[in-house]
Structures are given as C-alpha cells and as structure tokens.
>>> print(open('query.txt').read())   # compact mmCIF, C-alpha atoms (C1' of nucleotides)
# COMPACT_ATOMS: atom_id res chain seq x y z
CA MET Z 248 -34.94 -8.50 -20.10
CA LYS Z 249 -31.32 -9.20 -20.89
CA ILE Z 250 -30.91 -11.73 -23.70
CA ALA Z 251 -27.48 -13.12 -24.58
CA THR Z 252 -26.25 -15.42 -27.34
CA PHE Z 253 -23.18 -17.57 -26.73
CA ASN Z 254 -21.57 -20.27 -28.87
CA ILE Z 255 -20.05 -22.30 -26.05
CA ASN Z 256 -18.25 -24.92 -28.20
CA GLY Z 257 -19.22 -27.92 -26.07
CA ILE Z 258 -21.10 -27.84 -22.76
CA LYS Z 259 -19.03 -30.68 -21.33
CA ALA Z 260 -15.87 -28.64 -21.70
CA ARG Z 261 -17.53 -25.32 -20.88
CA LEU Z 262 -19.78 -25.98 -17.86
CA GLU Z 263 -17.52 -24.11 -15.48
CA ALA Z 264 -17.02 -21.12 -17.78
CA VAL Z 265 -20.73 -20.92 -18.59
CA SER Z 266 -21.73 -21.23 -14.92
CA THR Z 267 -19.33 -18.47 -13.90
CA TRP Z 268 -20.59 -16.24 -16.69
CA LEU Z 269 -24.26 -16.81 -15.77
CA GLY Z 270 -23.47 -15.90 -12.18
CA GLU Z 271 -21.61 -12.73 -13.11
CA GLU Z 272 -23.73 -11.37 -15.95
CA ARG Z 273 -27.09 -12.77 -14.88
CA PRO Z 274 -28.69 -12.76 -18.33
CA ASP Z 275 -32.42 -13.44 -18.09
CA VAL Z 276 -32.14 -15.55 -21.22
CA ALA Z 277 -29.08 -17.31 -22.64
CA LEU Z 278 -29.25 -18.67 -26.19
CA LEU Z 279 -26.54 -21.31 -26.55
CA GLN Z 280 -25.02 -22.91 -29.62
CA GLU Z 281 -22.75 -25.91 -30.17
CA ILE Z 282 -23.72 -27.70 -26.98
CA LYS Z 283 -22.26 -30.77 -28.75
CA THR Z 284 -24.32 -33.29 -26.83
CA VAL Z 285 -27.60 -35.13 -26.91
CA ASP Z 286 -30.33 -33.74 -24.65
CA GLU Z 287 -29.66 -36.40 -22.01
CA GLY Z 288 -26.01 -35.38 -21.86
CA PHE Z 289 -26.70 -31.76 -20.98
CA PRO Z 290 -25.90 -30.92 -17.32
CA ARG Z 291 -29.44 -29.77 -16.67
CA GLU Z 292 -29.34 -29.90 -12.88
CA ALA Z 293 -26.17 -27.83 -12.62
CA ILE Z 294 -27.77 -25.06 -14.69
CA GLU Z 295 -31.13 -25.32 -12.92
CA ASP Z 296 -29.33 -24.89 -9.61
CA LEU Z 297 -28.24 -21.47 -10.88
CA GLY Z 298 -31.88 -20.47 -11.31
CA TYR Z 299 -32.41 -21.25 -14.99
CA ARG Z 300 -34.97 -23.26 -16.84
CA VAL Z 301 -33.34 -25.43 -19.50
CA GLU Z 302 -34.63 -26.37 -22.96
CA THR Z 303 -32.27 -28.20 -25.28
CA HIS Z 304 -32.24 -29.43 -28.85
CA GLY Z 305 -29.13 -31.56 -29.04
CA GLN Z 306 -27.46 -34.18 -31.18
CA LYS Z 307 -24.52 -36.48 -30.78
CA GLY Z 308 -21.13 -34.85 -30.96
CA PHE Z 309 -21.85 -31.76 -33.02
CA ASN Z 310 -24.14 -28.77 -33.28
CA GLY Z 311 -26.96 -28.56 -30.73
CA VAL Z 312 -28.69 -25.47 -29.32
CA ALA Z 313 -30.31 -24.57 -26.01
CA ILE Z 314 -32.34 -21.89 -24.28
CA LEU Z 315 -31.66 -21.07 -20.64
CA SER Z 316 -34.09 -18.72 -18.92
CA ARG Z 317 -34.66 -17.27 -15.48
CA LEU Z 318 -38.19 -16.40 -16.66
CA PRO Z 319 -40.97 -18.83 -17.59
CA LEU Z 320 -40.86 -20.39 -21.06
CA GLU Z 321 -43.83 -21.38 -23.18
CA ASP Z 322 -44.43 -23.00 -26.56
CA VAL Z 323 -41.01 -24.58 -27.05
CA VAL Z 324 -40.47 -25.72 -30.65
CA ARG Z 325 -37.42 -27.62 -31.89
CA GLY Z 326 -36.06 -27.58 -35.42
CA LEU Z 327 -36.06 -25.17 -38.36
CA PRO Z 328 -39.00 -25.83 -40.70
CA GLY Z 329 -38.62 -26.33 -44.41
CA ASP Z 330 -36.68 -29.60 -44.77
CA GLU Z 331 -38.09 -32.76 -43.24
CA GLY Z 332 -34.83 -34.59 -43.98
CA ASP Z 333 -32.66 -32.17 -42.03
CA GLU Z 334 -31.34 -33.98 -38.95
CA GLN Z 335 -28.96 -31.26 -37.76
CA ALA Z 336 -29.94 -29.63 -34.44
CA ARG Z 337 -29.52 -25.94 -35.16
CA TRP Z 338 -32.76 -24.20 -34.12
CA ILE Z 339 -34.96 -23.97 -31.01
CA GLU Z 340 -37.71 -21.47 -30.21
CA ALA Z 341 -39.55 -20.50 -27.05
CA THR Z 342 -41.62 -17.63 -25.70
CA VAL Z 343 -40.17 -15.90 -22.64
CA ILE Z 344 -42.75 -14.50 -20.26
CA GLY Z 345 -41.29 -11.29 -18.81
CA LEU Z 346 -43.03 -7.94 -18.37
CA LYS Z 347 -43.82 -8.55 -22.01
CA ALA Z 348 -43.74 -11.84 -23.90
CA VAL Z 349 -40.77 -12.22 -26.24
CA ARG Z 350 -40.32 -15.07 -28.70
CA VAL Z 351 -36.65 -16.10 -28.77
CA VAL Z 352 -34.71 -18.39 -31.07
CA ALA Z 353 -31.34 -19.98 -30.40
CA LEU Z 354 -29.81 -20.80 -33.79
CA TYR Z 355 -26.57 -22.14 -35.18
CA ALA Z 356 -26.18 -21.46 -38.88
CA PRO Z 357 -24.02 -23.89 -40.88
CA ASN Z 358 -20.36 -23.01 -41.42
CA GLY Z 359 -20.60 -23.96 -45.10
CA ASN Z 360 -16.95 -24.64 -45.89
CA PRO Z 361 -15.64 -25.75 -48.23
CA ALA Z 362 -17.31 -23.54 -50.81
CA PRO Z 363 -18.44 -24.38 -53.36
CA GLY Z 364 -19.77 -27.79 -52.42
CA PRO Z 365 -22.65 -29.59 -50.71
CA LYS Z 366 -21.93 -27.99 -47.33
CA TYR Z 367 -22.15 -24.57 -48.90
CA ASP Z 368 -25.37 -25.48 -50.68
CA TYR Z 369 -26.79 -26.58 -47.32
CA LYS Z 370 -25.74 -23.29 -45.75
CA LEU Z 371 -27.47 -21.16 -48.38
CA ALA Z 372 -30.60 -23.32 -48.24
CA TRP Z 373 -30.59 -23.11 -44.45
CA LEU Z 374 -30.35 -19.31 -44.51
CA ALA Z 375 -33.26 -19.22 -46.95
CA ARG Z 376 -35.28 -21.41 -44.56
CA ALA Z 377 -34.40 -19.11 -41.67
CA ARG Z 378 -35.69 -16.22 -43.75
CA GLU Z 379 -38.96 -18.06 -44.36
CA ARG Z 380 -39.40 -18.72 -40.64
CA ALA Z 381 -38.61 -15.09 -39.81
CA ALA Z 382 -41.21 -13.96 -42.34
CA GLU Z 383 -43.78 -16.19 -40.62
CA LEU Z 384 -42.92 -14.78 -37.20
CA LEU Z 385 -43.18 -11.21 -38.49
CA LEU Z 386 -46.80 -11.82 -39.46
CA GLN Z 387 -47.63 -12.11 -35.76
CA GLU Z 388 -46.43 -8.53 -35.11
CA GLU Z 389 -45.01 -9.47 -31.72
CA PRO Z 390 -41.49 -9.00 -30.31
CA PHE Z 391 -38.98 -11.69 -31.24
CA VAL Z 392 -35.22 -12.13 -31.21
CA LEU Z 393 -33.21 -14.42 -33.49
CA GLY Z 394 -30.01 -14.98 -31.57
CA GLY Z 395 -27.10 -17.11 -32.53
CA ASP Z 396 -23.99 -17.89 -34.46
CA TRP Z 397 -25.00 -16.83 -37.96
CA ASN Z 398 -21.63 -17.82 -39.44
CA VAL Z 399 -21.80 -14.74 -41.65
CA ILE Z 400 -19.29 -11.89 -41.79
CA GLU Z 401 -21.77 -9.22 -42.83
CA GLN Z 402 -19.21 -6.73 -44.09
CA ASP Z 403 -15.46 -6.32 -44.29
CA THR Z 404 -15.37 -4.08 -41.20
CA ASP Z 405 -16.56 -7.09 -39.18
CA ALA Z 406 -13.18 -8.81 -39.67
CA ALA Z 407 -9.72 -7.76 -38.54
CA ARG Z 408 -8.27 -9.27 -41.74
CA PRO Z 409 -11.08 -9.23 -44.31
CA GLU Z 410 -8.73 -10.32 -47.09
CA ALA Z 411 -8.23 -13.65 -45.29
CA TRP Z 412 -11.98 -14.41 -45.55
CA ARG Z 413 -12.64 -13.37 -49.13
CA GLU Z 414 -12.97 -16.95 -50.42
CA ASP Z 415 -14.50 -18.32 -47.23
CA ALA Z 416 -18.09 -19.53 -46.85
CA LEU Z 417 -18.56 -16.95 -44.06
CA ALA Z 418 -17.98 -13.99 -46.34
CA LEU Z 419 -18.69 -15.00 -49.94
CA PRO Z 420 -21.06 -12.69 -51.83
CA ASP Z 421 -23.80 -15.35 -51.96
CA THR Z 422 -23.56 -15.74 -48.17
CA ARG Z 423 -23.89 -12.02 -47.58
CA ALA Z 424 -26.76 -11.80 -50.05
CA ALA Z 425 -28.68 -14.61 -48.34
CA TYR Z 426 -28.17 -12.92 -44.97
CA ARG Z 427 -29.22 -9.52 -46.32
CA ARG Z 428 -32.41 -11.02 -47.76
CA LEU Z 429 -33.28 -12.00 -44.20
CA ILE Z 430 -32.27 -8.68 -42.63
CA ASN Z 431 -34.19 -6.81 -45.31
CA LEU Z 432 -37.44 -8.29 -44.06
CA GLY Z 433 -37.09 -5.55 -41.45
CA LEU Z 434 -34.88 -6.98 -38.73
CA THR Z 435 -32.51 -4.91 -36.58
CA ASN Z 436 -29.06 -6.06 -35.47
CA GLY Z 437 -29.22 -5.32 -31.75
CA LEU Z 438 -25.51 -4.74 -31.24
CA ARG Z 439 -25.06 -2.62 -34.36
CA ALA Z 440 -28.06 -0.44 -33.49
CA ARG Z 441 -26.07 0.71 -30.48
CA HIS Z 442 -22.46 0.15 -31.53
CA PRO Z 443 -21.82 0.82 -35.23
CA GLU Z 444 -18.08 1.22 -34.79
CA PRO Z 445 -15.62 -1.22 -36.43
CA GLY Z 446 -13.33 -3.50 -34.45
CA LEU Z 447 -16.04 -5.37 -32.53
CA TYR Z 448 -15.63 -9.14 -32.70
CA SER Z 449 -17.30 -12.22 -31.23
CA PHE Z 450 -14.95 -14.97 -32.44
CA TRP Z 451 -11.20 -15.47 -32.36
CA ASP Z 452 -9.71 -18.71 -33.72
CA PHE Z 453 -7.90 -21.02 -31.33
CA GLN Z 454 -5.04 -21.14 -33.80
CA ALA Z 455 -2.19 -18.83 -34.72
CA TRP Z 456 -2.52 -16.52 -31.68
CA ALA Z 457 -5.68 -15.02 -33.12
CA TRP Z 458 -6.81 -13.72 -29.72
CA GLU Z 459 -3.44 -12.30 -28.80
CA LYS Z 460 -3.31 -10.49 -32.15
CA ASN Z 461 -6.98 -9.47 -31.93
CA ASN Z 462 -7.54 -11.23 -35.25
CA GLY Z 463 -11.28 -11.62 -34.77
CA ILE Z 464 -14.57 -11.64 -36.65
CA LEU Z 465 -18.12 -10.67 -35.70
CA ILE Z 466 -20.52 -13.49 -36.54
CA ASP Z 467 -22.76 -13.83 -33.47
CA HIS Z 468 -25.83 -11.64 -33.75
CA LEU Z 469 -29.16 -10.91 -32.11
CA LEU Z 470 -31.63 -9.90 -34.82
CA LEU Z 471 -34.68 -8.06 -33.56
CA ALA Z 472 -38.18 -7.85 -34.96
CA PRO Z 473 -39.46 -4.26 -35.22
CA GLN Z 474 -41.55 -4.81 -32.10
CA ALA Z 475 -38.41 -5.91 -30.22
CA ALA Z 476 -36.24 -3.13 -31.64
CA ASP Z 477 -38.74 -0.67 -30.16
CA LEU Z 478 -37.83 -2.08 -26.75
CA LEU Z 479 -34.02 -1.95 -27.17
CA ILE Z 480 -32.23 -0.37 -24.22
CA GLY Z 481 -28.65 -1.46 -24.73
CA ALA Z 482 -26.30 -4.04 -26.21
CA GLY Z 483 -22.78 -5.29 -25.73
CA ILE Z 484 -20.15 -8.02 -26.01
CA ASP Z 485 -18.63 -9.87 -23.06
CA LYS Z 486 -15.21 -9.77 -24.69
CA ASP Z 487 -13.22 -10.60 -21.57
CA MET Z 488 -14.60 -14.15 -21.65
CA ARG Z 489 -12.18 -14.97 -24.47
CA GLY Z 490 -9.14 -14.26 -22.29
CA ARG Z 491 -10.14 -16.55 -19.44
CA THR Z 492 -9.09 -20.09 -18.61
CA LYS Z 493 -10.34 -22.73 -21.06
CA PRO Z 494 -12.45 -20.32 -23.11
CA SER Z 495 -14.78 -20.95 -26.01
CA ASP Z 496 -13.56 -19.48 -29.29
CA HIS Z 497 -16.73 -17.31 -29.23
CA VAL Z 498 -17.84 -14.77 -26.61
CA PRO Z 499 -21.36 -13.75 -25.54
CA VAL Z 500 -23.23 -10.95 -27.31
CA TRP Z 501 -26.24 -9.47 -25.53
CA VAL Z 502 -29.14 -7.04 -25.73
CA GLU Z 503 -31.24 -5.49 -22.99
CA LEU Z 504 -34.93 -5.04 -23.81
CA ASP Z 505 -37.61 -3.11 -21.95
CA ALA Z 506 -39.65 -6.27 -21.55
C1' DA T 48 -1.70 -24.21 -49.52
C1' DT T 49 0.06 -25.17 -45.16
C1' DG T 50 -0.31 -25.07 -40.62
C1' DG T 51 -2.19 -25.37 -36.22
C1' DC T 52 -5.74 -25.48 -31.78
C1' DT T 53 -9.84 -27.40 -29.54
C1' DA T 54 -13.75 -30.65 -28.66
C1' DT T 55 -16.06 -34.88 -29.34
C1' DA T 56 -16.58 -39.74 -30.42
C1' DT T 57 -15.97 -42.38 -34.54
C1' DG T 58 -11.25 -42.96 -29.60
C1' DT T 59 -4.00 -43.65 -29.63
C1' DT T 60 -6.99 -41.24 -35.17
C1' DA T 61 -10.86 -38.91 -37.67
C1' DT T 62 -13.95 -35.21 -38.23
C1' DA T 63 -15.58 -30.52 -37.78
C1' DG T 64 -15.06 -26.08 -36.73
C1' DA T 65 -14.22 -20.89 -39.02
>>> encode(input="query.txt", output="structure tokens")
Amino acid sequence: MKIATFNINGIKARLEAVSTWLGEERPDVALLQEIKTVDEGFPREAIEDLGYRVETHGQKGFNGVAILSRLPLEDVVRGLPGDEGDEQARWIEATVIGLKAVRVVALYAPNGNPAPGPKYDYKLAWLARARERAAELLLQEEPFVLGGDWNVIEQDTDAARPEAWREDALALPDTRAAYRRLINLGLTNGLRARHPEPGLYSFWDFQAWAWEKNNGILIDHLLLAPQAADLLIGAGIDKDMRGRTKPSDHVPVWVELDA
DNA sequence: ATGGCTATATGTTATAGA
C-alpha cells in the first residue's frame, strides 16, 4: 500500500498537476492538504474517473484536507477533536481496507506566524490536540499513518538556510518541543526511517528563486504508528513535481507499506 | 525589515501562506 501526502495549494489550480501525478505514481492513498475549497467545489468526478474514492473536509478559500483512495474506505471522521469552537478544516481520518486495514489521517497543521501571537497560540494548541488524538489511536494497537503538512522544521538539517527560520513559527523551540512530544509517543517518521541524510526537502517558496537555488525545507511528513512502522517497505519524495508547469510549492512525500 | 510569488474570494485589492 503506497500512501502519499501532498499539499496541493488549491485543487482548482492544481487539478491537472494532481491528475498527472496520480496517473504516473499511482499511490493507493493520497492525503491532500490545502484543497482551498468547500466540499461541493472539489472536482470529485474528475478524480473518481482516475479510479479513486474521494473524501473531503473543506472550507471556503483556505485550508481543507482530503483523502483519495483506490482501496475501500471505512469510518470516515472529519475534524480534530479537542476544541468544539475550531472551524478550520485541517483533519480527516479514514480506514483503508487493503491486505491489512490501515487508519490514515490527512492533516494540515497551522502555519502559526506571526509568533508570538494568537496564530502561534493556536498552532501550539493544535499540535497538542494532535498529540492527544494520536495517543487515543495508539491505544487501539493497529496500524495508522498521520500524513500531512506539519508546518514544523524538525531540526536545522531539514532547512537549506536554517538561520533564516530561527525566529519563524515553523522552527521556534516551542514548535519543535510540541512536535517532539507527539513523536515521543512512539511514532516513526516514514521518510527518515529510510533516508536520514540531510538535504531532503518538501517545500520551496514561490518567491526569490527558492526552487532554483534549492532553498527548501522539509515539513511534510508521514508519521507511523509502531504497527505501521513494522510494515514499512520504502519511502521517498517526488521532488521533480516542483519543477513542472504550474507546480504547488510543496511536493509529495510517500511511504510503501506491506499492507 | 523589505521584498516578492501564488491562490482564492473578500475581487481591480485583501488575506494567507511559510
């Protein structure tokens, strides 16, 4: 079961790029972020025609996540628990029925800038809620994958220019600490389990020739429960997507599981 | 700090992204 995460930065602008990618890479499951549309605005038929089931959790203009799957989906749940007043669409779960059942989450963590401030407070609270949900899922002792744009630069080697991010909400010590508290529940970073080397990135800014200068950061991650890490076969980044026509500023990151 | 690119909707400008 190949599971990819991809922040597409708007499905309306990215339908062609996403369709081409699905056809070439054939992920069994695609966890999408920043669909930037309400559910009714998602081009469901176009994706279904490619052989994918579609489950969305959208909102108007910003955010929004989706799960695309060539395999059956069960028990779809929308929203991250822990704050009834949170109206931002950043979390959707489903169980994928492959050779084994795998619970997957498509998530879009808050950016959090400017920090300090209310947006940063929301980010830290959101990461704490994600940790609580992960702890709940771990109690079930079944395979799961938390895939998405975590908006966290885990360590300086995940940025081409770490000094440029030192004061940024993506790399501040409190951000890294909140992320580590989640990882330390016992989750495995699928890409890093196979590729620990520096210089791997999943985002390059649209501005200032970031792509041309390879000024990137790694912030899109698939975090595996122990029962999913046991099934890990391989992992990678579809880096070439960033150099194509009308790209997203993110590229897909994927894992292959024996499931 | 400024600057600058992209997407969306609030739409000939503002907001958010990272």
>>> atom_distance(input="query.txt", atom1="atom CA of Z:Arg380", atom2="atom CA of Z:Thr252")
19.0 Å
>>> interface_residues(input="query.txt", of="chain Z", to="chain T", cutoff="9 Å", atoms="only C-alpha atoms (C1' of nucleotides)", output="list in words")
Asn256, Gly257, Ala260, Lys283, Thr284, Lys307, Gly308, Phe309, Asn358, Asn360, Asn398, Asp415, Ala416, Leu417, Phe450, Asp452, Phe453, Gln454, Ala455, Ser495 and Asp496 of chain Z
>>> write_last_selection(input="query.txt", atoms="C-alpha atoms", output="tab-separated table (two decimals), in the coordinates of the input")
chain	number	residue	atom	x	y	z
Z	256	ASN	CA	-18.25	-24.92	-28.20
Z	257	GLY	CA	-19.22	-27.92	-26.07
Z	260	ALA	CA	-15.87	-28.64	-21.70
Z	283	LYS	CA	-22.26	-30.77	-28.75
Z	284	THR	CA	-24.32	-33.29	-26.83
Z	307	LYS	CA	-24.52	-36.48	-30.78
Z	308	GLY	CA	-21.13	-34.85	-30.96
Z	309	PHE	CA	-21.85	-31.76	-33.02
Z	358	ASN	CA	-20.36	-23.01	-41.42
Z	360	ASN	CA	-16.95	-24.64	-45.89
Z	398	ASN	CA	-21.63	-17.82	-39.44
Z	415	ASP	CA	-14.50	-18.32	-47.23
Z	416	ALA	CA	-18.09	-19.53	-46.85
Z	417	LEU	CA	-18.56	-16.95	-44.06
Z	450	PHE	CA	-14.95	-14.97	-32.44
Z	452	ASP	CA	-9.71	-18.71	-33.72
Z	453	PHE	CA	-7.90	-21.02	-31.33
Z	454	GLN	CA	-5.04	-21.14	-33.80
Z	455	ALA	CA	-2.19	-18.83	-34.72
Z	495	SER	CA	-14.78	-20.95	-26.01
Z	496	ASP	CA	-13.56	-19.48	-29.29
>>> axis_aligned_box(input="query.txt", around="stretch 54-58 of chain T", padding_each_side="8 Å", output="lines of an AutoDock Vina configuration file")
center_x = -13.9
center_y = -36.8
center_z = -31.6
size_x = 21.3
size_y = 28.3
size_z = 21.9
>>> atom_distance(input="query.txt", atom1="atom CA of Z:Ile258", atom2="atom CA of Z:Gly288")
9.0 Å
>>> atom_distance(input="query.txt", atom1="atom CA of Z:Leu438", atom2="atom CA of Z:Leu278")
15.3 Å
>>> residues_around(input="query.txt", residues="stretch 406-409 of chain Z", least_positions_apart="3", cutoff="12 Å", atoms="only C-alpha atoms (C1' of nucleotides)", output="JSON, numbers by chain")
{"Z": [399, 400, 401, 402, 403, 412, 413, 414, 415, 417, 418, 419, 445, 446, 447, 448, 449, 450, 451, 452, 457, 458, 460, 461, 462, 463, 464, 465, 466]}
